[in-house]
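Input: a single structure, listed below in structure tokens.
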Amino acid sequence: MSKIKIFQTRIQKFFANPQFKTFGSFVQKEFYHISRDKTSLSLLLILPVLLMILFGYSINTEVKNSRIAIYDPSNDVVTRGIIEKIKASEYFTVVRMLKSPEEIEKQFLREDLKMVIVFSDHFYENMQRTGKAQVELLTDGTDPNSAMTVVSYASNIIALYQKDLFKIQQIPFQIQPAVKLLYNPQLKGPYYFVPGILGMILMIICSMMTSISIAREKEFGTMEVLLVSPFKSMYIILSKAIPYFVLSLVNLASMLLFAVFMLKVPIAGSLFWLIMLSLLFIFLSLSLGLLISALANTQLEALLFSGMVLVIPVVMLSGMLFPIENMPHFFQWLSQIIPATWYISGVKKIMIKGLGFSSILPELGILTMMTVFLITISWKSFKYRLE
Amino acid sequence: MEKVIEVQNLTKKFGDFTAVDHISFEVYKGEIFGFLGANGAGKTTAMRMLCGLLPPTSGKGLVAGFDIHTQSEEVKRNIGYMSQKFALYEDLKVWENIRLYGGIYGVPEDEIIKKTDELLKRLGFEKERNSFVKSLPLGWKQKLAFSVAIFHEPKIVFLDEPTGGVDPITRRKFWELIYEATDRGITIFVTTHYMDEAEYCDRVSIMVDGRIDALDTPNNLKLQYHAQNMNEVFQQLARKAKRTDA
């Protein structure tokens, strides 16, 4: 019998099991727990939108070692001089010298560049002849804080160079930096924080609430009674996960609607893949919640665990508030193992940059691996704990 | 007499620590069997093994005719369990709790409805059908928890310190419910800290350091240990214990 067949018969057995009906009343019971606790319920439904309003204020931060690329078709004394200054600055790391204008957009996405500096043709010639020369600063507007910072650093370097040059050459001329933002032309704050809020809320609801609701059963002793009964522990866990899964979908919808209609953040890419990515992240968060509930015996423990282990790192390290490239190496490394980092990066790509499915393959791949890993260890530790 | 629990040399080790050390005993149908012991004596571990929650390290145990090691599913189907926390869902209504616990033991829907009516009538809880459990007084919750534990007519019901934190009068009333259940042929396996309750049992076992040091009727135990009451018997045995909580 093929693996699919075995899986099919397993599914059929699952639904044919007389316990499945009881399972239905268990799911109903979980909904009662949530709906009868009016305070928590209203908090769960309002919190997402409330946070979206709160995070309207962005936080300014300094950006160091931003990855940039340079396109310099004129390659003359002045442009080389400016490039030297930029290379010498601690704010920038020049990862690539581009060979054609076609490369700009491509490298921007591939290299995850913060900025591309584009000099005009015949830069020095123009400067001498007309007293004017153009340089374009292209930045990633999905991250308006760092985009603005990066632009101002670059403009300063160019202005300083110009001043130095003026002293030597005594010719009146002007280098005019033109700033162009890719992806988020109006530099709107919401573009930047919406993906982060999505990640945080889904994590709170799925992980924190699931683990608290399982811990509550342990605390009140009902878990013990359920375990002594012939009711399968898998059903107990599933019945816990389903209501929070539904609640997450409701919140996902409300946050996306709020983002699109109130904050005017359009969904630039495919809504389908945005939802698929979110579903994957919800599954991941649910399995994290399961893992926490295996370790925590009281609601307080579950709350502290999920608060410390999930929510705070998500806020601090996922790139939601503070640019990851600004962190010390250890934290940069740490941010890579935080699932929300990948979710937020994927949401930015689809929702704001409007990139297609292929661009989020790394995020999907990593999140899938993390989910499989978490489900495996949480299931094992749960079984172990029950015994 | 029909045996509903048969245990031979049942042992549970956690690493080097022997929580339950070769215990052997039998419990007969319709009996009230008191399972006593100081904290840490191994009562809970033994009871968890009998309920099919914990596989034994060695030894043999039959509960309701099923092997606790290899047939834990069947064991679970034939027993009832009430914990010291009364384990009811406070934010569910009385009838919702009954239906839920009936459901997990596979009691058919129409039977649940019929038996719920009977049960509420017998307890005098008809008016409380739609009340939330959290609004009930402690004694009522306790009665309800017990009734729910025997709702599916199990052969044996395990009561883990069922009267903790309850006043003596309510305790006495609770024991009336227990006697009623034995009249219906349900065997009671009960742990308790209250020695007056030990007197109500048909037979009592006392665990010390993972072993069963005494097992007999309360009267015989009192004679054997030259004691006035069960409390003195318990004190004499518990004093020998080397393991303590602290």
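Simple scheme: letters A, B, ... for chains in structure tokens order, numbers from 1 for residues in each chain, numbers from 1 for ligands in the order shown.
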*So which residues of segment 62-182 of chain B fall under helix (DSSP H, G or I) by DSSP, listed as an MDAnalysis selection string?*
chainID B and resid 72:77 94:104 109:123 126:128 133:135 138:149 168:182
_Using only C-alpha atoms and a distance of at most 6 Å, pull out the residues of chain B that contact chain A, as a PyMOL selection string._
chain B and resi 54+76-77+85+87+103-104
*atom CA of Leu113 of chain A and atom CA of Met203 of chain A are how many Å apart?*
28.3 Å
*Hey, what's within 12 Å of Met370 of chain A if we count only C-alpha atoms and toss same-chain stuff fewer than 5 positions away? As number ranges by chain, please?*
A: 280-281, 283-285, 287-288, 336-340, 342-343, 363-365, 375-378
*asked:* Residues near Ala198 of chain B, anyone? I mean within 7 Å using only C-alpha atoms, not counting same-chain ones fewer than 3 positions away, as a VMD selection string.
replied: chain B and resid 34 194 to 195 201 204 230
*Filtered DSSP result for segment 157-217 of chain B, state strand (DSSP E or B), as a PyMOL selection string*: chain B and resi 157-160+187-191+203-208+211-216
Same residues, N, CA, C and O atoms, saved as a JSON list (two decimals), in the first residue's frame:
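Below is the file result-v5.json, written as the result:
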```json
[["chain", "number", "residue", "atom", "x", "y", "z"],
["B", 157, "VAL", "N", -14.38, 3.20, 40.41],
["B", 157, "VAL", "CA", -14.10, 4.62, 40.32],
["B", 157, "VAL", "C", -12.96, 4.95, 41.28],
["B", 157, "VAL", "O", -12.92, 4.49, 42.42],
["B", 158, "PHE", "N", -11.98, 5.68, 40.74],
["B", 158, "PHE", "CA", -10.82, 6.09, 41.54],
["B", 158, "PHE", "C", -11.07, 7.51, 42.06],
["B", 158, "PHE", "O", -11.31, 8.42, 41.27],
["B", 159, "LEU", "N", -11.02, 7.67, 43.36],
["B", 159, "LEU", "CA", -11.23, 8.99, 43.94],
["B", 159, "LEU", "C", -9.93, 9.45, 44.59],
["B", 159, "LEU", "O", -9.46, 8.83, 45.54],
["B", 160, "ASP", "N", -9.34, 10.50, 44.05],
["B", 160, "ASP", "CA", -8.07, 10.99, 44.56],
["B", 160, "ASP", "C", -8.32, 12.14, 45.54],
["B", 160, "ASP", "O", -8.59, 13.25, 45.11],
["B", 187, "THR", "N", -17.31, -0.33, 42.40],
["B", 187, "THR", "CA", -16.24, -0.46, 43.38],
["B", 187, "THR", "C", -15.56, 0.90, 43.58],
["B", 187, "THR", "O", -15.37, 1.63, 42.61],
["B", 188, "ILE", "N", -15.25, 1.21, 44.84],
["B", 188, "ILE", "CA", -14.65, 2.52, 45.13],
["B", 188, "ILE", "C", -13.21, 2.32, 45.57],
["B", 188, "ILE", "O", -12.92, 1.54, 46.48],
["B", 189, "PHE", "N", -12.32, 3.04, 44.90],
["B", 189, "PHE", "CA", -10.90, 3.03, 45.28],
["B", 189, "PHE", "C", -10.58, 4.46, 45.68],
["B", 189, "PHE", "O", -10.58, 5.36, 44.84],
["B", 190, "VAL", "N", -10.34, 4.70, 46.98],
["B", 190, "VAL", "CA", -10.28, 6.10, 47.43],
["B", 190, "VAL", "C", -9.01, 6.38, 48.23],
["B", 190, "VAL", "O", -8.59, 5.58, 49.07],
["B", 191, "THR", "N", -8.36, 7.51, 47.91],
["B", 191, "THR", "CA", -7.24, 7.97, 48.74],
["B", 191, "THR", "C", -7.76, 9.12, 49.60],
["B", 191, "THR", "O", -8.61, 9.88, 49.16],
["B", 203, "ARG", "N", -12.09, -1.93, 53.55],
["B", 203, "ARG", "CA", -10.72, -2.34, 53.86],
["B", 203, "ARG", "C", -9.79, -1.17, 53.57],
["B", 203, "ARG", "O", -10.09, -0.32, 52.73],
["B", 204, "VAL", "N", -8.65, -1.18, 54.27],
["B", 204, "VAL", "CA", -7.73, -0.06, 54.15],
["B", 204, "VAL", "C", -6.32, -0.60, 53.94],
["B", 204, "VAL", "O", -5.91, -1.57, 54.59],
["B", 205, "SER", "N", -5.59, 0.02, 52.99],
["B", 205, "SER", "CA", -4.17, -0.31, 52.87],
["B", 205, "SER", "C", -3.38, 0.93, 53.23],
["B", 205, "SER", "O", -3.83, 2.05, 52.97],
["B", 206, "ILE", "N", -2.23, 0.75, 53.86],
["B", 206, "ILE", "CA", -1.41, 1.90, 54.22],
["B", 206, "ILE", "C", -0.04, 1.75, 53.59],
["B", 206, "ILE", "O", 0.66, 0.76, 53.81],
["B", 207, "MET", "N", 0.32, 2.73, 52.77],
["B", 207, "MET", "CA", 1.62, 2.70, 52.08],
["B", 207, "MET", "C", 2.66, 3.46, 52.87],
["B", 207, "MET", "O", 2.41, 4.56, 53.37],
["B", 208, "VAL", "N", 3.84, 2.85, 53.01],
["B", 208, "VAL", "CA", 4.97, 3.52, 53.64],
["B", 208, "VAL", "C", 6.19, 3.29, 52.75],
["B", 208, "VAL", "O", 6.51, 2.15, 52.42],
["B", 211, "ARG", "N", 5.95, 0.82, 49.83],
["B", 211, "ARG", "CA", 5.46, -0.53, 50.10],
["B", 211, "ARG", "C", 4.09, -0.44, 50.78],
["B", 211, "ARG", "O", 3.76, 0.57, 51.41],
["B", 212, "ILE", "N", 3.32, -1.53, 50.69],
["B", 212, "ILE", "CA", 2.09, -1.59, 51.47],
["B", 212, "ILE", "C", 2.42, -2.29, 52.78],
["B", 212, "ILE", "O", 2.75, -3.47, 52.80],
["B", 213, "ASP", "N", 2.41, -1.54, 53.89],
["B", 213, "ASP", "CA", 2.81, -2.10, 55.18],
["B", 213, "ASP", "C", 1.65, -2.70, 55.95],
["B", 213, "ASP", "O", 1.85, -3.51, 56.87],
["B", 214, "ALA", "N", 0.44, -2.31, 55.63],
["B", 214, "ALA", "CA", -0.71, -2.86, 56.34],
["B", 214, "ALA", "C", -1.89, -2.91, 55.39],
["B", 214, "ALA", "O", -2.04, -2.03, 54.54],
["B", 215, "LEU", "N", -2.69, -3.96, 55.49],
["B", 215, "LEU", "CA", -3.88, -4.06, 54.65],
["B", 215, "LEU", "C", -4.90, -4.94, 55.37],
["B", 215, "LEU", "O", -4.67, -6.13, 55.55],
["B", 216, "ASP", "N", -6.01, -4.34, 55.82],
["B", 216, "ASP", "CA", -7.06, -5.12, 56.48],
["B", 216, "ASP", "C", -8.28, -4.24, 56.68],
["B", 216, "ASP", "O", -8.30, -3.07, 56.28]]
```
_For a test of reading the model, state the distance in Å between atom CA of Pro55 of chain B and atom CA of Val20 of chain B, rounded to one decimal._
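Distance reported for this atom pair: 12.0 Å.
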*Please provide as a list in words all residues within 9 Å of Ile157 of chain A, with the sequence filter that same-chain residues fewer than 2 positions apart are discarded (counting only C-alpha atoms).*
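My reading of the contact set: Ile82, Lys85, Ile86, Ser89, Ser152, Tyr153, Ala154, Ser155, Ala159, Leu160, Tyr161 and Gln162 of chain A.
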*Enter the distance from atom CA of Thr11 of chain B to atom CA of Pro218 of chain B, in Å, rounded to one decimal.*
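Spanning atom CA of Thr11 of chain B to atom CA of Pro218 of chain B is a straight-line distance of 25.7 Å.
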What's around Ser211 of chain A at 8 Å? Count only C-alpha atoms, leave out sequence neighbours fewer than 6 positions away in its own chain, and write the answer as a PDB file with all heavy atoms, in the first residue's frame.
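Output file part-v4.pdb is given in full below:
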```pdb
ATOM      1  N   GLY A 289       3.052  26.948  20.474  1.00  0.00           N
ATOM      2  CA  GLY A 289       2.172  27.007  21.640  1.00  0.00           C
ATOM      3  C   GLY A 289       2.051  25.646  22.298  1.00  0.00           C
ATOM      4  O   GLY A 289       2.062  25.520  23.522  1.00  0.00           O
ATOM      5  N   LEU A 290       1.990  24.622  21.465  1.00  0.00           N
ATOM      6  CA  LEU A 290       1.911  23.252  21.973  1.00  0.00           C
ATOM      7  C   LEU A 290       3.170  22.898  22.756  1.00  0.00           C
ATOM      8  O   LEU A 290       3.106  22.312  23.839  1.00  0.00           O
ATOM      9  CB  LEU A 290       1.724  22.309  20.785  1.00  0.00           C
ATOM     10  CG  LEU A 290       1.538  20.835  21.084  1.00  0.00           C
ATOM     11  CD1 LEU A 290       0.364  20.632  22.002  1.00  0.00           C
ATOM     12  CD2 LEU A 290       1.335  20.088  19.781  1.00  0.00           C
ATOM     13  N   LEU A 291       4.305  23.310  22.219  1.00  0.00           N
ATOM     14  CA  LEU A 291       5.581  23.029  22.891  1.00  0.00           C
ATOM     15  C   LEU A 291       5.627  23.732  24.249  1.00  0.00           C
ATOM     16  O   LEU A 291       6.021  23.136  25.255  1.00  0.00           O
ATOM     17  CB  LEU A 291       6.739  23.506  22.014  1.00  0.00           C
ATOM     18  CG  LEU A 291       8.143  23.276  22.577  1.00  0.00           C
ATOM     19  CD1 LEU A 291       8.401  21.794  22.750  1.00  0.00           C
ATOM     20  CD2 LEU A 291       9.191  23.877  21.668  1.00  0.00           C
ATOM     21  N   ILE A 292       5.197  24.978  24.270  1.00  0.00           N
ATOM     22  CA  ILE A 292       5.205  25.719  25.534  1.00  0.00           C
ATOM     23  C   ILE A 292       4.268  25.061  26.547  1.00  0.00           C
ATOM     24  O   ILE A 292       4.599  24.911  27.722  1.00  0.00           O
ATOM     25  CB  ILE A 292       4.804  27.179  25.302  1.00  0.00           C
ATOM     26  CG1 ILE A 292       5.906  27.894  24.542  1.00  0.00           C
ATOM     27  CG2 ILE A 292       4.529  27.898  26.622  1.00  0.00           C
ATOM     28  CD1 ILE A 292       5.558  29.252  24.070  1.00  0.00           C
ATOM     29  N   SER A 293       3.097  24.621  26.071  1.00  0.00           N
ATOM     30  CA  SER A 293       2.146  24.029  27.008  1.00  0.00           C
ATOM     31  C   SER A 293       2.647  22.695  27.542  1.00  0.00           C
ATOM     32  O   SER A 293       2.248  22.262  28.619  1.00  0.00           O
ATOM     33  CB  SER A 293       0.785  23.864  26.350  1.00  0.00           C
ATOM     34  OG  SER A 293       0.884  22.977  25.286  1.00  0.00           O
ATOM     35  N   ALA A 296       4.918  24.095  30.389  1.00  0.00           N
ATOM     36  CA  ALA A 296       4.329  24.915  31.450  1.00  0.00           C
ATOM     37  C   ALA A 296       3.185  24.173  32.133  1.00  0.00           C
ATOM     38  O   ALA A 296       2.395  23.511  31.482  1.00  0.00           O
ATOM     39  CB  ALA A 296       3.810  26.221  30.867  1.00  0.00           C
ATOM     40  N   GLN A 299      -1.050  28.584  34.130  1.00  0.00           N
ATOM     41  CA  GLN A 299      -1.301  29.631  33.142  1.00  0.00           C
ATOM     42  C   GLN A 299      -0.241  30.715  33.215  1.00  0.00           C
ATOM     43  O   GLN A 299       0.191  31.247  32.201  1.00  0.00           O
ATOM     44  CB  GLN A 299      -2.670  30.256  33.383  1.00  0.00           C
ATOM     45  CG  GLN A 299      -3.801  29.286  33.164  1.00  0.00           C
ATOM     46  CD  GLN A 299      -5.124  29.933  33.448  1.00  0.00           C
ATOM     47  OE1 GLN A 299      -5.668  30.649  32.624  1.00  0.00           O
ATOM     48  NE2 GLN A 299      -5.662  29.702  34.625  1.00  0.00           N
ATOM     49  N   ALA A 302       2.834  29.599  31.487  1.00  0.00           N
ATOM     50  CA  ALA A 302       2.632  29.642  30.040  1.00  0.00           C
ATOM     51  C   ALA A 302       2.727  31.074  29.534  1.00  0.00           C
ATOM     52  O   ALA A 302       3.337  31.346  28.504  1.00  0.00           O
ATOM     53  CB  ALA A 302       1.274  29.040  29.675  1.00  0.00           C
ATOM     54  N   LEU A 303       2.145  31.990  30.311  1.00  0.00           N
ATOM     55  CA  LEU A 303       2.154  33.394  29.916  1.00  0.00           C
ATOM     56  C   LEU A 303       3.582  33.931  29.912  1.00  0.00           C
ATOM     57  O   LEU A 303       4.017  34.585  28.967  1.00  0.00           O
ATOM     58  CB  LEU A 303       1.294  34.207  30.880  1.00  0.00           C
ATOM     59  CG  LEU A 303       1.153  35.683  30.564  1.00  0.00           C
ATOM     60  CD1 LEU A 303       0.269  35.872  29.344  1.00  0.00           C
ATOM     61  CD2 LEU A 303       0.578  36.439  31.734  1.00  0.00           C
ATOM     62  N   SER A 306       5.674  32.257  27.059  1.00  0.00           N
ATOM     63  CA  SER A 306       5.405  32.738  25.715  1.00  0.00           C
ATOM     64  C   SER A 306       5.758  34.211  25.596  1.00  0.00           C
ATOM     65  O   SER A 306       6.210  34.658  24.553  1.00  0.00           O
ATOM     66  CB  SER A 306       3.955  32.464  25.308  1.00  0.00           C
ATOM     67  OG  SER A 306       3.089  32.753  26.360  1.00  0.00           O
TER      68      SER A 306
END
```
*What's the 7 Å shell around Leu355 of chain A, counting only C-alpha atoms, without same-chain residues fewer than 5 positions away, as a VMD selection string?*
chain A and resid 269 349 to 350
Could you write out the selected residues, including N, CA, C and O atoms, as a PDB file, in the first residue's frame?
```
ATOM      1  N   GLY A 269       1.263  42.416  -4.042  1.00  0.00           N
ATOM      2  CA  GLY A 269       1.466  41.117  -4.679  1.00  0.00           C
ATOM      3  C   GLY A 269       0.241  40.245  -4.586  1.00  0.00           C
ATOM      4  O   GLY A 269      -0.885  40.719  -4.444  1.00  0.00           O
ATOM      5  N   LYS A 349       7.844  41.260   1.238  1.00  0.00           N
ATOM      6  CA  LYS A 349       8.097  41.002  -0.176  1.00  0.00           C
ATOM      7  C   LYS A 349       6.795  40.960  -0.975  1.00  0.00           C
ATOM      8  O   LYS A 349       6.696  41.556  -2.032  1.00  0.00           O
ATOM      9  N   ILE A 350       5.796  40.227  -0.435  1.00  0.00           N
ATOM     10  CA  ILE A 350       4.565  40.061  -1.208  1.00  0.00           C
ATOM     11  C   ILE A 350       3.688  41.290  -1.119  1.00  0.00           C
ATOM     12  O   ILE A 350       3.259  41.861  -2.117  1.00  0.00           O
TER      13      ILE A 350
END
```
